[in-house]
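Worksheet: one structure, shown below.
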Amino acid sequence: MGFNEKVHAYIAAKYYVYLTENFGERGRQAFIHATQYYAMQRGRRMAQRTIRDGEELTQATYNYYGEWVNTDEIKAEGIANKMEATPEGYLKVTQCPWHAQFKNMGLTEAGTEYCRYLDSAISRGFNPDLKYVVDQTLHTSDYCIQRIETGNITEGSERGKNPAGLKSFEYHCAHSYWAYNEVTSAIFQAEGAKVNEQVLNDFKQDYGKEMADTIWSYRNTNFNVCD
C-alpha cells in the first residue's frame with residue numbers, strides 16, 4: 001500500500017482520537033481548528049495558481065485547480081468518490097473513501113467533525129466570497145450535500161482538473177500531518193508534542209517505517225505557498 005485517500009483520513013482520525021482523549025472539549029476544538037488550518041492552506045495554494053495563470057477566483061476555477069483526483073488504488077477497491085449534480089445546483093456525494101476509512105476505524109464522530117469543516121474551509125482559503133456550505137455528510141446521512149450560496153457548485157467541473165496543480169497523496173498526507181502537528185504543538189505545547197509523537201508512532205506501526213520517514217522528510221516544507 002502506498003499513500004492514498006484512506007491514509008490521508010487515517011492521520012486526521014488519529015489526531016481526533018488523541019486530542020479528544022487527552023484534552024476533552026479543548027481537544028475537539030483544536031481538531032476543528034487544525035482541520036480548517038490545513039484546508040485553508042490548500043485553498044490558498046489553489047488561489048495562488050489561479051491568479052498566477054491570470055484567471056478569476058470563481059467556482060469554475062476552484063473546481064479546475066483542485067489538487068487531487070482519486071488514486072488508482074482506491075478506484076480498484078471500488079470506493080472512489082461518487083458525485084452527482086442536483087437540479088438545484090448542489091453537489092450530492094454518495095460514496096467517499098474518507099467516509100469509508102473513518103467508518104472502518106470506528107470513528108464516525110471524527111469523520112463528522114472533519115467533513116463538516118474541511119471543504120468549506122478549502123473554499124474560504126480560495127475565495128471566501130463563494131460561501132461554500134456543507135449541509136450534511138455521509139457520516140450521519142445517506143449522502144453529502146455541498147453547495148455554494150453564490151451559484152452552482154459544479155460550474156466548470158466538466159473541464160476536469162488542471163494537471164499542473166495536482167499533488168500526490170504523499171504530499172497531501174504529509175501536509176495533513178504537519179498542519180495538525182503545528183496546531184497541536186502551538187495550543188498544547190509539550191503535551192501537544194507528545195500527541196504528535198503518538199500519531200507518528202501509530203502511523204509507523206500501521207504503515208511502516210519507510211512511509212513514516214517520508215512524512216517526516218516534509219518537516220521543513222512551506223505548505224502555505226504553491227510551487
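Going through the C-alpha cells in order, the chains are called A, B, and so on, while each chain numbers its residues from 1 and the ligands are numbered from 1 in the order shown.
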Report as JSON lines: every residue of range 98-134 of chain A with an atom at most 10 Å from range 76-91 of chain A, its closest pair of atoms, and their distance in Å to one decimal, counting only C-alpha atoms, with rows sorted by chain and ascending residue number.
```
{"residue": "A:Trp98", "atom": "CA", "partner": "A:Asn81", "partner_atom": "CA", "distance": 9.0}
{"residue": "A:His99", "atom": "CA", "partner": "A:Ile79", "partner_atom": "CA", "distance": 9.4}
{"residue": "A:Ala100", "atom": "CA", "partner": "A:Ile79", "partner_atom": "CA", "distance": 7.5}
{"residue": "A:Gln101", "atom": "CA", "partner": "A:Ile79", "partner_atom": "CA", "distance": 9.9}
{"residue": "A:Val133", "atom": "CA", "partner": "A:Tyr90", "partner_atom": "CA", "distance": 9.9}
{"residue": "A:Val134", "atom": "CA", "partner": "A:Leu91", "partner_atom": "CA", "distance": 9.5}
```
Set the distance at 8 Å and use only C-alpha atoms: which residues neighbour Glu149 in chain A once local chain neighbours fewer than 2 positions away are removed? I'd like the list as an MDAnalysis selection string.
chainID A and resid 130:133 147 151
Give me the residues of range 130-214 of chain A that have any atom at most 10 Å from an atom of range 104-111 of chain A; for each, the nearest atom pair and the distance in Å, rounded to one decimal. Use only C-alpha atoms, sort by chain and number, and format it as a Markdown table.
```
| residue | atom | partner | partner_atom | distance |
| --- | --- | --- | --- | --- |
| A:Thr137 | CA | A:Gly111 | CA | 9.0 |
| A:Leu138 | CA | A:Gly111 | CA | 9.0 |
| A:His139 | CA | A:Thr108 | CA | 5.9 |
| A:Thr140 | CA | A:Thr108 | CA | 8.3 |
```
Determine, using only C-alpha atoms, which residues of range 180-219 of chain A have any atom at most 10 Å from an atom of range 6-18 of chain A, and tabulate each with its shortest atom pair and distance in Å to one decimal place, rows ordered by chain and then rising number, as CSV.
```
residue,atom,partner,partner_atom,distance
A:Tyr180,CA,A:Tyr15,CA,7.3
A:Asn181,CA,A:Tyr15,CA,8.9
A:Thr184,CA,A:Tyr15,CA,8.9
A:Gly192,CA,A:Tyr18,CA,9.5
A:Lys194,CA,A:Tyr18,CA,9.6
A:Val195,CA,A:Tyr18,CA,6.2
A:Asn196,CA,A:Tyr15,CA,8.0
A:Gln198,CA,A:Tyr18,CA,7.9
A:Val199,CA,A:Lys14,CA,6.1
A:Leu200,CA,A:Ile11,CA,8.6
A:Asp202,CA,A:Lys14,CA,8.2
A:Phe203,CA,A:Ile11,CA,7.6
A:Asp206,CA,A:Val7,CA,9.9
A:Tyr207,CA,A:Val7,CA,8.6
```
If you run DSSP on the backbone, which residues of range 33-227 of chain A are alpha helix (DSSP H), as number ranges by chain?
A: 33-52, 59-64, 72-77, 97-104, 108-126, 169-207, 209-216
Could you find all residues in chain A that DSSP calls strand (DSSP E) from the backbone, and write them as a list in words?
Lys82, Met83, Glu84, Ala85, Leu91, Lys92, Val93, Thr94, Gln95, Tyr132, Val133, Val134, Asp135, Gln136, Cys144, Ile145, Gln146, Arg147 and Ile148 of chain A
Dump of all heavy atoms for the selected residues, as a short mmCIF file (atom, residue, chain, number, x, y, z; two decimals), in the first residue's frame:
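What landed in result.cif:
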```cif
data_model
loop_
_atom_site.label_atom_id
_atom_site.label_comp_id
_atom_site.auth_asym_id
_atom_site.auth_seq_id
_atom_site.Cartn_x
_atom_site.Cartn_y
_atom_site.Cartn_z
N LYS A 82 -18.12 9.15 -5.55
CA LYS A 82 -19.24 9.19 -6.49
C LYS A 82 -20.04 10.45 -6.19
O LYS A 82 -20.52 10.63 -5.07
CB LYS A 82 -20.12 7.95 -6.35
CG LYS A 82 -19.48 6.67 -6.86
CD LYS A 82 -20.45 5.50 -6.78
CE LYS A 82 -19.82 4.22 -7.31
NZ LYS A 82 -20.75 3.07 -7.18
N MET A 83 -20.15 11.32 -7.19
CA MET A 83 -20.82 12.60 -7.01
C MET A 83 -21.79 12.84 -8.16
O MET A 83 -21.57 12.37 -9.26
CB MET A 83 -19.79 13.75 -6.98
CG MET A 83 -18.64 13.57 -6.05
SD MET A 83 -17.46 14.93 -6.17
CE MET A 83 -16.12 14.29 -5.16
N GLU A 84 -22.85 13.56 -7.87
CA GLU A 84 -23.78 13.95 -8.92
C GLU A 84 -24.33 15.34 -8.62
O GLU A 84 -24.46 15.73 -7.46
CB GLU A 84 -24.91 12.94 -9.05
CG GLU A 84 -25.75 12.78 -7.80
CD GLU A 84 -26.81 11.72 -7.95
OE1 GLU A 84 -26.45 10.51 -7.93
OE2 GLU A 84 -28.00 12.08 -8.09
N ALA A 85 -24.60 16.06 -9.68
CA ALA A 85 -25.18 17.40 -9.53
C ALA A 85 -26.69 17.28 -9.43
O ALA A 85 -27.31 16.49 -10.15
CB ALA A 85 -24.80 18.27 -10.71
N LEU A 91 -24.16 19.69 -4.93
CA LEU A 91 -23.35 18.50 -5.18
C LEU A 91 -23.78 17.43 -4.19
O LEU A 91 -23.77 17.66 -2.98
CB LEU A 91 -21.87 18.81 -5.03
CG LEU A 91 -20.90 17.69 -5.44
CD1 LEU A 91 -20.99 17.42 -6.93
CD2 LEU A 91 -19.47 18.07 -5.06
N LYS A 92 -24.15 16.27 -4.71
CA LYS A 92 -24.58 15.14 -3.88
C LYS A 92 -23.51 14.05 -3.97
O LYS A 92 -23.19 13.57 -5.05
CB LYS A 92 -25.92 14.62 -4.41
CG LYS A 92 -26.52 13.46 -3.65
CD LYS A 92 -27.88 13.11 -4.25
CE LYS A 92 -28.50 11.91 -3.59
NZ LYS A 92 -29.82 11.57 -4.20
N VAL A 93 -22.93 13.70 -2.83
CA VAL A 93 -21.85 12.71 -2.77
C VAL A 93 -22.40 11.45 -2.11
O VAL A 93 -22.84 11.49 -0.95
CB VAL A 93 -20.64 13.23 -1.98
CG1 VAL A 93 -19.50 12.21 -2.00
CG2 VAL A 93 -20.16 14.57 -2.53
N THR A 94 -22.38 10.34 -2.83
CA THR A 94 -22.95 9.10 -2.33
C THR A 94 -21.90 8.07 -1.93
O THR A 94 -22.24 7.05 -1.32
CB THR A 94 -23.89 8.48 -3.38
OG1 THR A 94 -23.15 8.28 -4.60
CG2 THR A 94 -25.07 9.40 -3.65
N GLN A 95 -20.65 8.30 -2.27
CA GLN A 95 -19.57 7.39 -1.88
C GLN A 95 -18.28 8.18 -1.76
O GLN A 95 -18.01 9.08 -2.56
CB GLN A 95 -19.41 6.28 -2.92
CG GLN A 95 -18.31 5.27 -2.59
CD GLN A 95 -18.31 4.10 -3.55
OE1 GLN A 95 -19.13 3.19 -3.46
NE2 GLN A 95 -17.40 4.12 -4.51
N TYR A 132 -19.17 28.62 0.52
CA TYR A 132 -19.33 27.17 0.39
C TYR A 132 -19.97 26.62 1.66
O TYR A 132 -19.55 26.93 2.77
CB TYR A 132 -17.93 26.57 0.19
CG TYR A 132 -17.86 25.18 -0.36
CD1 TYR A 132 -17.34 24.96 -1.63
CD2 TYR A 132 -18.24 24.07 0.38
CE1 TYR A 132 -17.23 23.67 -2.14
CE2 TYR A 132 -18.13 22.79 -0.13
CZ TYR A 132 -17.62 22.60 -1.39
OH TYR A 132 -17.51 21.34 -1.90
N VAL A 133 -20.98 25.77 1.51
CA VAL A 133 -21.73 25.24 2.65
C VAL A 133 -21.82 23.71 2.54
O VAL A 133 -22.08 23.18 1.46
CB VAL A 133 -23.16 25.83 2.71
CG1 VAL A 133 -23.93 25.24 3.89
CG2 VAL A 133 -23.11 27.35 2.79
N VAL A 134 -21.60 23.02 3.64
CA VAL A 134 -21.81 21.57 3.72
C VAL A 134 -23.03 21.34 4.60
O VAL A 134 -22.98 21.53 5.82
CB VAL A 134 -20.58 20.84 4.29
CG1 VAL A 134 -20.85 19.34 4.41
CG2 VAL A 134 -19.35 21.10 3.41
N ASP A 135 -24.14 20.96 4.00
CA ASP A 135 -25.40 20.80 4.74
C ASP A 135 -25.49 19.48 5.49
O ASP A 135 -26.11 19.40 6.55
CB ASP A 135 -26.59 20.93 3.79
CG ASP A 135 -26.76 22.36 3.28
OD1 ASP A 135 -26.68 23.27 4.11
OD2 ASP A 135 -26.97 22.54 2.07
N GLN A 136 -24.92 18.41 4.93
CA GLN A 136 -24.94 17.11 5.59
C GLN A 136 -23.83 16.25 5.01
O GLN A 136 -23.30 16.55 3.93
CB GLN A 136 -26.29 16.41 5.41
CG GLN A 136 -26.65 16.08 3.97
CD GLN A 136 -28.04 15.50 3.82
OE1 GLN A 136 -29.01 16.03 4.35
NE2 GLN A 136 -28.16 14.38 3.10
N CYS A 144 -23.78 13.15 1.14
CA CYS A 144 -23.36 14.51 1.46
C CYS A 144 -24.09 15.50 0.56
O CYS A 144 -24.38 15.18 -0.60
CB CYS A 144 -21.86 14.70 1.22
SG CYS A 144 -20.79 13.63 2.18
N ILE A 145 -24.35 16.66 1.07
CA ILE A 145 -24.83 17.78 0.25
C ILE A 145 -23.87 18.94 0.44
O ILE A 145 -23.63 19.39 1.56
CB ILE A 145 -26.25 18.22 0.64
CG1 ILE A 145 -27.26 17.14 0.30
CG2 ILE A 145 -26.61 19.52 -0.08
CD1 ILE A 145 -28.69 17.50 0.68
N GLN A 146 -23.29 19.39 -0.66
CA GLN A 146 -22.40 20.54 -0.66
C GLN A 146 -22.92 21.55 -1.67
O GLN A 146 -23.39 21.17 -2.74
CB GLN A 146 -20.96 20.11 -1.01
CG GLN A 146 -20.41 19.08 -0.03
CD GLN A 146 -19.01 18.61 -0.38
OE1 GLN A 146 -18.41 19.08 -1.35
NE2 GLN A 146 -18.49 17.67 0.38
N ARG A 147 -22.84 22.83 -1.32
CA ARG A 147 -23.37 23.86 -2.21
C ARG A 147 -22.64 25.16 -1.95
O ARG A 147 -21.91 25.30 -0.97
CB ARG A 147 -24.88 24.05 -1.97
CG ARG A 147 -25.22 24.49 -0.56
CD ARG A 147 -26.72 24.54 -0.33
NE ARG A 147 -27.05 24.83 1.07
CZ ARG A 147 -27.12 26.06 1.58
NH1 ARG A 147 -26.91 27.12 0.81
NH2 ARG A 147 -27.42 26.24 2.86
N ILE A 148 -22.82 26.10 -2.85
CA ILE A 148 -22.36 27.47 -2.62
C ILE A 148 -23.56 28.39 -2.66
O ILE A 148 -24.52 28.14 -3.39
CB ILE A 148 -21.27 27.92 -3.63
CG1 ILE A 148 -21.78 27.80 -5.08
CG2 ILE A 148 -19.98 27.15 -3.43
CD1 ILE A 148 -20.84 28.43 -6.10
#
```
